[in-house]
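Visitor: Supplied structure: protein-v5.pdb, PDB, C-alpha atoms and all ligand atoms.
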ATOM      1  CA  MET A 287    -145.243  -5.407 -64.341
ATOM      2  CA  SER A 288    -145.724  -2.428 -62.037
ATOM      3  CA  LYS A 289    -148.486  -3.958 -59.937
ATOM      4  CA  PRO A 290    -149.204  -7.625 -59.210
ATOM      5  CA  PHE A 291    -152.450  -9.268 -60.261
ATOM      6  CA  ALA A 292    -155.160  -8.932 -57.639
ATOM      7  CA  SER A 293    -154.948 -12.489 -56.347
ATOM      8  CA  SER A 294    -151.194 -12.746 -55.887
ATOM      9  CA  ALA A 295    -151.774 -10.960 -52.551
ATOM     10  CA  ASP A 296    -154.484 -13.422 -51.463
ATOM     11  CA  THR A 297    -152.743 -15.771 -49.020
ATOM     12  CA  HIS A 298    -155.602 -16.931 -46.797
ATOM     13  CA  HIS A 299    -155.801 -20.761 -46.791
ATOM     14  CA  GLN A 300    -159.356 -22.073 -47.121
ATOM     15  CA  LYS A 301    -160.142 -25.365 -45.437
ATOM     16  CA  ALA A 302    -162.478 -27.476 -47.542
ATOM     17  CA  ARG A 303    -165.152 -29.712 -46.008
ATOM     18  CA  LEU A 304    -166.836 -32.889 -47.165
ATOM     19  CA  VAL A 305    -170.598 -32.662 -47.755
ATOM     20  CA  GLU A 306    -172.761 -35.713 -48.536
ATOM     21  CA  LEU A 307    -175.295 -34.702 -51.216
ATOM     22  CA  ALA A 308    -176.900 -38.104 -51.887
ATOM     23  CA  PRO A 309    -175.946 -41.631 -50.768
ATOM     24  CA  ASP A 310    -172.206 -42.046 -51.499
ATOM     25  CA  VAL A 311    -172.081 -38.736 -53.408
ATOM     26  CA  TYR A 312    -169.848 -36.042 -51.916
ATOM     27  CA  GLY A 313    -168.826 -32.496 -52.623
ATOM     28  CA  TYR A 314    -165.498 -31.285 -51.239
ATOM     29  CA  ILE A 315    -166.320 -27.657 -50.720
ATOM     30  CA  SER A 316    -164.441 -24.610 -49.491
ATOM     31  CA  ASP A 317    -165.544 -20.990 -49.134
ATOM     32  CA  PHE A 318    -164.781 -20.124 -52.747
ATOM     33  CA  ASP A 319    -161.716 -22.063 -53.885
ATOM     34  CA  PRO A 320    -162.368 -24.610 -56.673
ATOM     35  CA  ASN A 321    -164.716 -27.391 -55.549
ATOM     36  CA  THR A 322    -164.242 -31.078 -56.300
ATOM     37  CA  GLY A 323    -166.460 -34.136 -55.867
ATOM     38  CA  MET A 324    -166.417 -37.887 -55.258
ATOM     39  CA  ILE A 325    -168.902 -40.619 -56.059
ATOM     40  CA  PHE A 326    -168.703 -44.209 -54.785
ATOM     41  CA  GLY A 327    -170.376 -47.371 -56.063
ATOM     42  CA  GLY A 328    -169.547 -51.027 -56.697
ATOM     43  CA  GLY A 329    -166.520 -50.904 -54.398
ATOM     44  CA  GLU A 330    -164.732 -48.072 -56.219
ATOM     45  CA  GLY A 331    -164.761 -44.318 -56.497
ATOM     46  CA  LEU A 332    -164.763 -41.572 -59.108
ATOM     47  CA  ALA A 333    -163.186 -38.178 -58.402
ATOM     48  CA  ILE A 334    -164.490 -35.080 -60.148
ATOM     49  CA  ASP A 335    -161.463 -32.814 -60.650
ATOM     50  CA  CYS A 336    -158.335 -33.337 -58.572
ATOM     51  CA  ARG A 337    -157.250 -29.940 -57.146
ATOM     52  CA  ALA A 338    -154.205 -27.871 -58.006
ATOM     53  CA  THR A 339    -151.336 -29.940 -56.589
ATOM     54  CA  PRO A 340    -150.727 -33.470 -55.237
ATOM     55  CA  ARG A 341    -150.428 -32.040 -51.719
ATOM     56  CA  LEU A 342    -153.877 -30.444 -51.883
ATOM     57  CA  ALA A 343    -155.285 -33.590 -53.486
ATOM     58  CA  ASN A 344    -153.900 -35.626 -50.579
ATOM     59  CA  GLU A 345    -155.760 -33.421 -48.080
ATOM     60  CA  MET A 346    -158.940 -34.421 -49.859
ATOM     61  CA  LEU A 347    -158.025 -38.119 -50.076
ATOM     62  CA  ILE A 348    -157.241 -38.322 -46.349
ATOM     63  CA  GLU A 349    -160.609 -36.847 -45.542
ATOM     64  CA  ILE A 350    -162.626 -39.035 -47.892
ATOM     65  CA  LYS A 351    -160.938 -42.172 -46.509
ATOM     66  CA  GLN A 352    -162.628 -41.449 -43.155
ATOM     67  CA  VAL A 353    -166.044 -41.979 -44.744
ATOM     68  CA  ASN A 354    -165.316 -44.421 -47.577
ATOM     69  CA  SER A 355    -162.138 -46.437 -47.971
ATOM     70  CA  ALA A 356    -162.895 -47.780 -51.487
ATOM     71  CA  PRO A 357    -160.109 -46.989 -53.964
ATOM     72  CA  ILE A 358    -160.668 -44.044 -56.287
ATOM     73  CA  THR A 359    -160.082 -45.685 -59.646
ATOM     74  CA  ARG A 360    -161.356 -43.031 -62.051
ATOM     75  CA  LEU A 361    -160.893 -39.319 -62.391
ATOM     76  CA  PHE A 362    -163.078 -37.001 -64.455
ATOM     77  CA  LEU A 363    -161.850 -33.542 -65.477
ATOM     78  CA  THR A 364    -164.599 -30.925 -65.911
ATOM     79  CA  HIS A 365    -162.175 -28.744 -67.920
ATOM     80  CA  TYR A 366    -158.480 -28.126 -68.426
ATOM     81  CA  HIS A 367    -157.722 -25.297 -65.960
ATOM     82  CA  ALA A 368    -154.600 -26.112 -63.951
ATOM     83  CA  VAL A 369    -156.151 -25.238 -60.612
ATOM     84  CA  ARG A 370    -158.452 -28.268 -61.031
ATOM     85  CA  VAL A 371    -156.272 -30.879 -62.666
ATOM     86  CA  MET A 372    -152.648 -30.782 -61.508
ATOM     87  CA  GLY A 373    -153.128 -32.918 -58.356
ATOM     88  CA  ARG A 374    -153.239 -36.121 -60.452
ATOM     89  CA  ALA A 375    -150.101 -37.722 -58.959
ATOM     90  CA  ALA A 376    -151.806 -38.190 -55.572
ATOM     91  CA  PHE A 377    -154.402 -40.533 -57.086
ATOM     92  CA  THR A 378    -152.333 -43.707 -57.146
ATOM     93  CA  ASP A 379    -155.339 -46.034 -57.613
ATOM     94  CA  VAL A 380    -156.703 -44.191 -60.661
ATOM     95  CA  HIS A 381    -156.529 -46.317 -63.808
ATOM     96  CA  THR A 382    -158.640 -44.092 -66.072
ATOM     97  CA  VAL A 383    -158.726 -40.314 -66.465
ATOM     98  CA  LEU A 384    -161.720 -39.092 -68.470
ATOM     99  CA  CYS A 385    -162.578 -35.798 -70.136
ATOM    100  CA  SER A 386    -164.289 -34.440 -73.235
ATOM    101  CA  GLU A 387    -162.503 -34.372 -76.582
ATOM    102  CA  GLY A 388    -162.612 -30.581 -76.412
ATOM    103  CA  THR A 389    -160.787 -30.577 -73.083
ATOM    104  CA  ARG A 390    -158.128 -32.948 -74.357
ATOM    105  CA  ALA A 391    -157.502 -30.649 -77.320
ATOM    106  CA  LEU A 392    -157.065 -27.693 -74.959
ATOM    107  CA  ILE A 393    -154.644 -29.597 -72.695
ATOM    108  CA  ASP A 394    -152.607 -30.320 -75.791
ATOM    109  CA  GLU A 395    -152.807 -26.804 -77.185
ATOM    110  CA  ARG A 396    -152.499 -24.639 -74.064
ATOM    111  CA  GLY A 397    -152.237 -26.777 -70.922
ATOM    112  CA  ALA A 398    -148.589 -25.870 -70.289
ATOM    113  CA  PHE A 399    -149.181 -22.132 -70.862
ATOM    114  CA  ASP A 400    -152.210 -22.200 -68.616
ATOM    115  CA  PHE A 401    -150.348 -23.953 -65.791
ATOM    116  CA  GLU A 402    -147.579 -21.367 -65.846
ATOM    117  CA  SER A 403    -150.038 -18.494 -66.050
ATOM    118  CA  GLU A 404    -152.322 -19.730 -63.263
ATOM    119  CA  VAL A 405    -149.457 -20.333 -60.818
ATOM    120  CA  ARG A 406    -148.152 -16.831 -61.440
ATOM    121  CA  ARG A 407    -151.564 -15.207 -61.116
ATOM    122  CA  PHE A 408    -152.816 -17.056 -58.044
ATOM    123  CA  PRO A 409    -149.903 -18.649 -56.134
ATOM    124  CA  ARG A 410    -151.879 -19.489 -52.964
ATOM    125  CA  LEU A 411    -153.917 -22.085 -54.827
ATOM    126  CA  PHE A 412    -150.783 -24.027 -55.808
ATOM    127  CA  GLU A 413    -149.364 -25.127 -52.462
ATOM    128  CA  ALA A 414    -146.224 -27.284 -52.998
ATOM    129  CA  VAL A 415    -146.393 -26.757 -56.754
ATOM    130  CA  GLU A 416    -142.956 -28.367 -57.093
ATOM    131  CA  GLU A 417    -144.610 -31.755 -56.455
ATOM    132  CA  VAL A 418    -146.616 -31.541 -59.693
ATOM    133  CA  GLU A 419    -145.271 -34.211 -62.034
ATOM    134  CA  GLY A 420    -146.488 -32.780 -65.325
ATOM    135  CA  LEU A 421    -149.691 -32.135 -67.231
ATOM    136  CA  THR A 422    -152.666 -34.380 -66.517
ATOM    137  CA  TRP A 423    -153.624 -36.321 -69.639
ATOM    138  CA  PRO A 424    -156.826 -38.295 -70.181
ATOM    139  CA  ASP A 425    -156.854 -42.017 -70.973
ATOM    140  CA  GLN A 426    -160.342 -41.849 -72.417
ATOM    141  CA  THR A 427    -162.305 -39.054 -74.069
ATOM    142  CA  PHE A 428    -165.888 -38.593 -75.255
ATOM    143  CA  PRO A 429    -167.319 -36.191 -77.854
ATOM    144  CA  GLN A 430    -170.662 -35.443 -76.183
ATOM    145  CA  ARG A 431    -171.411 -37.981 -73.486
ATOM    146  CA  THR A 432    -170.323 -41.157 -71.778
ATOM    147  CA  ILE A 433    -172.198 -43.084 -69.081
ATOM    148  CA  LEU A 434    -170.432 -44.847 -66.213
ATOM    149  CA  TYR A 435    -172.075 -47.524 -64.113
ATOM    150  CA  MET A 436    -170.460 -48.084 -60.720
ATOM    151  CA  GLY A 437    -172.597 -50.488 -58.722
ATOM    152  CA  ASP A 438    -175.958 -48.719 -58.388
ATOM    153  CA  GLN A 439    -174.586 -45.347 -59.442
ATOM    154  CA  GLU A 440    -175.313 -44.159 -62.961
ATOM    155  CA  ILE A 441    -173.106 -41.219 -63.830
ATOM    156  CA  HIS A 442    -173.418 -39.178 -67.026
ATOM    157  CA  LEU A 443    -170.338 -37.234 -68.071
ATOM    158  CA  GLU A 444    -171.558 -34.700 -70.602
ATOM    159  CA  HIS A 445    -170.330 -31.875 -72.770
ATOM    160  CA  LEU A 446    -173.427 -29.721 -73.269
ATOM    161  CA  GLY A 447    -171.712 -26.923 -75.155
ATOM    162  CA  SER A 448    -168.884 -24.453 -74.668
ATOM    163  CA  GLY A 449    -168.943 -21.764 -72.021
ATOM    164  CA  HIS A 450    -166.266 -21.187 -69.418
ATOM    165  CA  THR A 451    -163.922 -23.049 -71.844
ATOM    166  CA  ARG A 452    -164.413 -24.916 -75.118
ATOM    167  CA  GLY A 453    -164.437 -28.378 -73.516
ATOM    168  CA  ASP A 454    -166.531 -27.873 -70.345
ATOM    169  CA  SER A 455    -168.355 -30.944 -69.159
ATOM    170  CA  VAL A 456    -170.482 -31.818 -66.173
ATOM    171  CA  ALA A 457    -171.173 -34.914 -64.093
ATOM    172  CA  TRP A 458    -174.902 -35.588 -63.826
ATOM    173  CA  LEU A 459    -176.537 -38.210 -61.631
ATOM    174  CA  PRO A 460    -180.069 -38.610 -63.028
ATOM    175  CA  GLU A 461    -181.333 -40.716 -60.145
ATOM    176  CA  HIS A 462    -180.299 -38.239 -57.444
ATOM    177  CA  ARG A 463    -180.582 -35.151 -59.717
ATOM    178  CA  VAL A 464    -177.176 -33.979 -58.537
ATOM    179  CA  LEU A 465    -175.066 -31.932 -60.948
ATOM    180  CA  PHE A 466    -171.343 -31.178 -60.676
ATOM    181  CA  SER A 467    -171.146 -28.180 -62.981
ATOM    182  CA  GLY A 468    -167.450 -27.290 -62.975
ATOM    183  CA  ASP A 469    -167.065 -23.549 -63.590
ATOM    184  CA  LEU A 470    -170.162 -23.325 -65.821
ATOM    185  CA  ILE A 471    -172.268 -22.323 -62.799
ATOM    186  CA  GLU A 472    -171.073 -20.119 -59.926
ATOM    187  CA  ASP A 473    -173.068 -18.948 -56.956
ATOM    188  CA  ARG A 474    -172.399 -15.394 -55.776
ATOM    189  CA  CYS A 475    -168.832 -15.714 -56.973
ATOM    190  CA  ALA A 476    -167.389 -13.915 -59.997
ATOM    191  CA  LEU A 477    -167.056 -15.881 -63.244
ATOM    192  CA  TYR A 478    -163.659 -16.215 -64.875
ATOM    193  CA  CYS A 479    -164.200 -15.508 -68.579
ATOM    194  CA  GLY A 480    -160.619 -15.213 -69.859
ATOM    195  CA  ASP A 481    -160.955 -18.438 -71.895
ATOM    196  CA  ALA A 482    -164.700 -18.252 -72.410
ATOM    197  CA  TYR A 483    -167.205 -18.437 -75.244
ATOM    198  CA  LEU A 484    -169.579 -15.927 -73.712
ATOM    199  CA  HIS A 485    -172.526 -16.172 -76.108
ATOM    200  CA  GLU A 486    -172.419 -19.977 -76.172
ATOM    201  CA  TRP A 487    -172.140 -20.046 -72.383
ATOM    202  CA  ARG A 488    -175.645 -18.592 -72.128
ATOM    203  CA  GLU A 489    -177.013 -21.353 -74.367
ATOM    204  CA  THR A 490    -175.187 -24.037 -72.381
ATOM    205  CA  LEU A 491    -176.781 -22.663 -69.207
ATOM    206  CA  GLU A 492    -180.217 -23.174 -70.774
ATOM    207  CA  ARG A 493    -179.407 -26.846 -71.321
ATOM    208  CA  LEU A 494    -178.194 -27.161 -67.728
ATOM    209  CA  ALA A 495    -181.342 -25.450 -66.421
ATOM    210  CA  ALA A 496    -183.473 -27.955 -68.359
ATOM    211  CA  ARG A 497    -182.075 -30.775 -66.211
ATOM    212  CA  ASN A 498    -184.013 -29.388 -63.279
ATOM    213  CA  ALA A 499    -181.281 -30.412 -60.834
ATOM    214  CA  ARG A 500    -182.050 -30.772 -57.140
ATOM    215  CA  VAL A 501    -178.447 -30.132 -56.082
ATOM    216  CA  VAL A 502    -175.632 -28.348 -57.902
ATOM    217  CA  VAL A 503    -171.998 -28.313 -56.846
ATOM    218  CA  PRO A 504    -170.854 -25.088 -58.523
ATOM    219  CA  GLY A 505    -167.285 -24.355 -59.548
ATOM    220  CA  ARG A 506    -166.804 -22.301 -56.413
ATOM    221  CA  GLY A 507    -168.971 -21.637 -53.393
ATOM    222  CA  ASP A 508    -171.358 -23.690 -51.313
ATOM    223  CA  ALA A 509    -173.436 -26.585 -52.665
ATOM    224  CA  ILE A 510    -176.728 -25.233 -54.015
ATOM    225  CA  ILE A 511    -179.632 -27.175 -52.573
ATOM    226  CA  GLY A 512    -183.196 -27.100 -53.907
ATOM    227  CA  GLU A 513    -184.646 -26.393 -57.344
ATOM    228  CA  GLU A 514    -185.456 -22.785 -56.518
ATOM    229  CA  ASN A 515    -181.898 -22.018 -55.409
ATOM    230  CA  VAL A 516    -180.459 -23.850 -58.427
ATOM    231  CA  ARG A 517    -182.606 -21.708 -60.719
ATOM    232  CA  LYS A 518    -181.444 -18.539 -58.946
ATOM    233  CA  ALA A 519    -177.778 -19.524 -59.283
ATOM    234  CA  ILE A 520    -178.166 -20.227 -63.008
ATOM    235  CA  ASP A 521    -179.986 -16.902 -63.436
ATOM    236  CA  SER A 522    -177.265 -15.018 -61.591
ATOM    237  CA  THR A 523    -174.555 -16.732 -63.654
ATOM    238  CA  ARG A 524    -176.391 -15.644 -66.814
ATOM    239  CA  GLY A 525    -176.848 -12.155 -65.350
ATOM    240  CA  PHE A 526    -173.116 -11.782 -64.838
ATOM    241  CA  LEU A 527    -172.502 -12.737 -68.480
ATOM    242  CA  ASP A 528    -175.192 -10.332 -69.680
ATOM    243  CA  ASP A 529    -173.763  -7.478 -67.627
ATOM    244  CA  LEU A 530    -170.229  -8.133 -68.881
ATOM    245  CA  LEU A 531    -171.217  -8.427 -72.542
ATOM    246  CA  GLY A 532    -173.715  -5.568 -72.368
ATOM    247  CA  GLY A 533    -171.245  -3.271 -70.609
ATOM    248  CA  CYS A 534    -168.473  -3.994 -73.120
ATOM    249  CA  ASP A 535    -170.854  -3.596 -76.054
ATOM    250  CA  ARG A 536    -172.047  -0.195 -74.832
ATOM    251  CA  ALA A 537    -168.519   1.027 -74.119
ATOM    252  CA  MET A 538    -167.360  -0.130 -77.566
ATOM    253  CA  GLN A 539    -169.955   2.084 -79.264
ATOM    254  CA  LYS A 540    -167.669   5.040 -78.576
ATOM    255  CA  LYS A 541    -165.490   5.440 -81.658
ATOM    256  CA  ASP A 542    -161.882   4.273 -81.138
ATOM    257  CA  ALA A 543    -162.459   3.436 -77.466
ATOM    258  CA  THR A 544    -159.252   2.002 -75.961
ATOM    259  CA  LEU A 545    -159.267  -1.174 -73.879
ATOM    260  CA  LYS A 546    -158.563   0.980 -70.836
ATOM    261  CA  GLU A 547    -161.622   3.173 -71.528
ATOM    262  CA  ILE A 548    -163.825   0.132 -72.043
ATOM    263  CA  PHE A 549    -162.467  -1.476 -68.881
ATOM    264  CA  ASP A 550    -163.085   1.667 -66.817
ATOM    265  CA  ALA A 551    -166.674   1.944 -68.055
ATOM    266  CA  VAL A 552    -167.480  -1.736 -67.412
ATOM    267  CA  TYR A 553    -165.736  -1.679 -64.037
ATOM    268  CA  ALA A 554    -167.774   1.356 -62.961
ATOM    269  CA  GLU A 555    -170.989  -0.374 -64.039
ATOM    270  CA  MET A 556    -170.324  -3.820 -62.592
ATOM    271  CA  THR A 557    -168.498  -3.059 -59.344
ATOM    272  CA  PRO A 558    -171.511  -1.767 -57.350
ATOM    273  CA  LYS A 559    -173.281  -5.066 -58.064
ATOM    274  CA  TYR A 560    -170.406  -7.550 -57.977
ATOM    275  CA  GLY A 561    -167.531  -5.807 -56.179
ATOM    276  CA  GLU A 562    -167.995  -7.890 -53.014
ATOM    277  CA  TRP A 563    -168.077 -11.222 -54.840
ATOM    278  CA  PRO A 564    -165.017 -13.461 -54.401
ATOM    279  CA  ILE A 565    -162.357 -13.229 -57.133
ATOM    280  CA  TYR A 566    -164.167 -10.344 -58.855
ATOM    281  CA  GLU A 567    -161.066  -8.122 -58.825
ATOM    282  CA  HIS A 568    -158.932 -11.026 -60.021
ATOM    283  CA  CYS A 569    -161.199 -11.867 -62.956
ATOM    284  CA  ILE A 570    -162.425  -8.547 -64.274
ATOM    285  CA  PRO A 571    -159.378  -7.521 -66.383
ATOM    286  CA  PHE A 572    -159.328 -10.913 -68.163
ATOM    287  CA  ASN A 573    -163.115 -10.919 -68.504
ATOM    288  CA  VAL A 574    -163.232  -7.531 -70.206
ATOM    289  CA  SER A 575    -160.334  -8.446 -72.472
ATOM    290  CA  ARG A 576    -162.026 -11.645 -73.662
ATOM    291  CA  ALA A 577    -165.496 -10.063 -73.999
ATOM    292  CA  VAL A 578    -164.063  -7.290 -76.179
ATOM    293  CA  ASP A 579    -162.271  -9.867 -78.350
ATOM    294  CA  GLU A 580    -165.433 -11.929 -78.747
ATOM    295  CA  LEU A 581    -167.535  -8.871 -79.598
ATOM    296  CA  LYS A 582    -164.926  -7.958 -82.211
ATOM    297  CA  GLY A 583    -165.441 -11.386 -83.771
ATOM    298  CA  LEU A 584    -162.448 -13.303 -82.405
ATOM    299  CA  LYS A 585    -164.016 -16.731 -82.058
ATOM    300  CA  GLU A 586    -161.201 -18.547 -80.244
ATOM    301  CA  PRO A 587    -159.886 -17.132 -76.948
ATOM    302  CA  SER A 588    -156.197 -16.236 -77.233
ATOM    303  CA  ILE A 589    -153.735 -18.183 -75.098
ATOM    304  CA  TRP A 590    -152.669 -16.376 -71.921
ATOM    305  CA  THR A 591    -148.891 -16.192 -71.633
ATOM    306  CA  ALA A 592    -146.679 -14.178 -69.274
ATOM    307  CA  GLU A 593    -146.198 -11.617 -72.051
ATOM    308  CA  ARG A 594    -149.920 -11.311 -72.688
ATOM    309  CA  ASP A 595    -150.715 -10.943 -68.971
ATOM    310  CA  ALA A 596    -148.107  -8.170 -68.788
ATOM    311  CA  GLU A 597    -149.487  -6.452 -71.893
ATOM    312  CA  LEU A 598    -152.981  -6.478 -70.463
ATOM    313  CA  TRP A 599    -151.825  -5.037 -67.190
ATOM    314  CA  GLU A 600    -149.859  -2.357 -68.988
ATOM    315  CA  ALA A 601    -152.872  -1.416 -71.140
ATOM    316  CA  LEU A 602    -155.159  -1.128 -68.122
ATOM    317  CA  GLN A 603    -152.761   1.031 -66.151
ATOM    318  CA  SER A 604    -151.863   3.439 -68.929
TER     319      SER A 604
HETATM  320 ZN    ZN A 701    -161.957 -22.894 -64.704
END
In structure tokens, how does this file's structure come out?
Ligand SMILES: [Zn+2]

Guide:
Amino acid sequence: MSKPFASSADTHHQKARLVELAPDVYGYISDFDPNTGMIFGGGEGLAIDCRATPRLANEMLIEIKQVNSAPITRLFLTHYHAVRVMGRAAFTDVHTVLCSEGTRALIDERGAFDFESEVRRFPRLFEAVEEVEGLTWPDQTFPQRTILYMGDQEIHLEHLGSGHTRGDSVAWLPEHRVLFSGDLIEDRCALYCGDAYLHEWRETLERLAARNARVVVPGRGDAIIGEENVRKAIDSTRGFLDDLLGGCDRAMQKKDATLKEIFDAVYAEMTPKYGEWPIYEHCIPFNVSRAVDELKGLKEPSIWTAERDAELWEALQS
């Protein structure tokens, strides 16, 4: 590879902070690294995603202990991406890991490839990666929805359709109207679409919008507070998808357009609007590649391997 991926040069450590969003409901939020969450009730806790490595997960656990010392006994995975799930070993009190059936299938099919690929693409996010003990497997899965009751907390874990990945699910607290969206919603941060189902994503966003959430913890970026701001964030997430798909579609109208030509056209269109958004440069090659595949009728996103990353880079530099 003649040039490294955009984010391999990003070495700035982002300190996350704990934000209470409703009684005993917390987001652990950094500038734009992957967010996580924690909910307490009935003398125990649930973690929503567990960060990229045990060391990073421990940072979070030390901080949460200052405000609530109940053991975290359950862990919910919003989706299979390594940057969110490889910190499992730090959660020594967890007896049950939950995710959707779709996510479990993806861990089985491509979890190991994804781990290798993500570490190579974005090394800063995997501090002390050598402490990872292996893939994070669920103990319990659900097809569409499962409801947890922890003391007074009622927590819905729901797969509302594919989008960012095939298995995406959210944690929804109907009483507080707080939604942990995983990477299905981003706020002024680029979407990663390399494993996405772009057309279905738009439909899944409609179902999320219908919840009329008061607070959303997006995949990356600050907690979104207030119905108006939630609506704006969902609209801007949809707008990014529309611009990506529309740009690729237009560029593909040119007979025999190469991937490089399509990429250049989409990049020129999207960069004035999104160029300043975090991880835009990192995501855009993978996003264009997947959007072109989907528009050509390839239903399932191809697995990203070292060879495929290198091929993509080669094609875009030619
Ligand atoms: Zn993701």

Visitor: Residues contacting ligand ZN 701 (chain A) - anything with an atom at most 9 Å away, using all atoms listed in the file - can you give me those as a list in words?

Guide: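 Result of the 9 Å neighbour search around ligand ZN 701 (chain A): Pro320, Thr364, His365, Tyr366, His367, Ala368, Val369, Arg370, His450, Thr451, Asp454, Gly468, Asp469, Leu470, Leu477, Tyr478, Cys479, Asp481 and Gly505 of chain A.
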
Visitor: Do a neighbour search on A:Thr339 at 10 Å with all atoms listed in the file, toss out local chain neighbours closer than 6 positions, and write the hits as a PDB file with C-alpha atoms, in the frame of the given file.

Guide:
ATOM      1  CA  ALA A 368    -154.600 -26.112 -63.951  1.00  0.00           C
ATOM      2  CA  VAL A 369    -156.151 -25.238 -60.612  1.00  0.00           C
ATOM      3  CA  ARG A 370    -158.452 -28.268 -61.031  1.00  0.00           C
ATOM      4  CA  VAL A 371    -156.272 -30.879 -62.666  1.00  0.00           C
ATOM      5  CA  MET A 372    -152.648 -30.782 -61.508  1.00  0.00           C
ATOM      6  CA  GLY A 373    -153.128 -32.918 -58.356  1.00  0.00           C
ATOM      7  CA  ARG A 374    -153.239 -36.121 -60.452  1.00  0.00           C
ATOM      8  CA  ALA A 375    -150.101 -37.722 -58.959  1.00  0.00           C
ATOM      9  CA  ALA A 376    -151.806 -38.190 -55.572  1.00  0.00           C
ATOM     10  CA  LEU A 411    -153.917 -22.085 -54.827  1.00  0.00           C
ATOM     11  CA  PHE A 412    -150.783 -24.027 -55.808  1.00  0.00           C
ATOM     12  CA  GLU A 413    -149.364 -25.127 -52.462  1.00  0.00           C
ATOM     13  CA  ALA A 414    -146.224 -27.284 -52.998  1.00  0.00           C
ATOM     14  CA  VAL A 415    -146.393 -26.757 -56.754  1.00  0.00           C
ATOM     15  CA  GLU A 416    -142.956 -28.367 -57.093  1.00  0.00           C
ATOM     16  CA  GLU A 417    -144.610 -31.755 -56.455  1.00  0.00           C
ATOM     17  CA  VAL A 418    -146.616 -31.541 -59.693  1.00  0.00           C
ATOM     18  CA  GLU A 419    -145.271 -34.211 -62.034  1.00  0.00           C
TER      19      GLU A 419
END

Visitor: Please write the residues picked by the PyMOL selection byres (((chain A and resi 578) around 12) and not hetatm) on this file as an NGL selection string.

Guide: :A and (479-480 or 482-484 or 530-539 or 543-549 or 552 or 571-577 or 579-585 or 587-588)

Visitor: To one decimal place, how far is atom CA of A:Gly561 from atom CA of A:Cys475 in Å?

Guide: 10.0 Å

Visitor: Excluding A:Thr359 and residues on its chain fewer than 4 positions from it, collect all residues at most 7 Å away from it, counting all atoms listed in the file, and give them as a list of chain:residue names.

Guide: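 After dropping sequence-adjacent residues, the list is A:Glu330, A:Gly331, A:Leu332, A:Asp379, A:Val380, A:His381, A:Thr382.
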
Visitor: Every residue with an atom at most 8 Å from (-173.3, -20.1, -59.7) (file coordinates; only C-alpha atoms) is what I'm after, so could you write them as a list in words?

Guide: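 Those within range, by chain then number, are Leu470, Ile471, Glu472, Asp473, Arg474, Cys475, Pro504, Gly505, Arg506, Gly507, Ala519, Ile520, Ser522 and Thr523 of chain A.
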
Visitor: In Å to one decimal, how far is atom CA of A:Leu465 from atom CA of A:Asp508?

Guide: 13.2 Å

Visitor: Between atom CA of A:Gly420 and atom CA of A:Pro340, what is the spacing in Å?

Guide: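 About the pair atom CA of A:Pro340 and atom CA of A:Gly420: they are 11.0 Å apart.
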
Visitor: Using all atoms listed in the file, give me every residue within 7 Å of (-164.6, -35.2, -57.7) in file coordinates, as a PyMOL selection string.

Guide: chain A and resi 322-324+332-336

Visitor: If we count only C-alpha atoms, what is near A:Leu494 at a cut-off of 12 Å, once residues fewer than 5 positions away on the same chain are taken out, given as a VMD selection string?

Guide: chain A and resid 444 to 449 454 to 458 463 to 468 470 to 471 487 to 489 499 to 500 502 504 516 to 517 519 to 521 523 to 524

Visitor: Using only C-alpha atoms, find the one residue out of A:Glu486, A:Asp438, A:Glu349, A:Glu492 that sits nearest to A:Val305.

Guide: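 Among the listed residues, A:Glu349 lies closest to A:Val305.
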
Visitor: Counting all atoms listed in the file, which residue out of A:Pro424, A:Ala596, A:Gln439, A:Thr591 sits closest to A:Asp310?

Guide: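 That would be A:Gln439, the residue with the smallest distance to A:Asp310.
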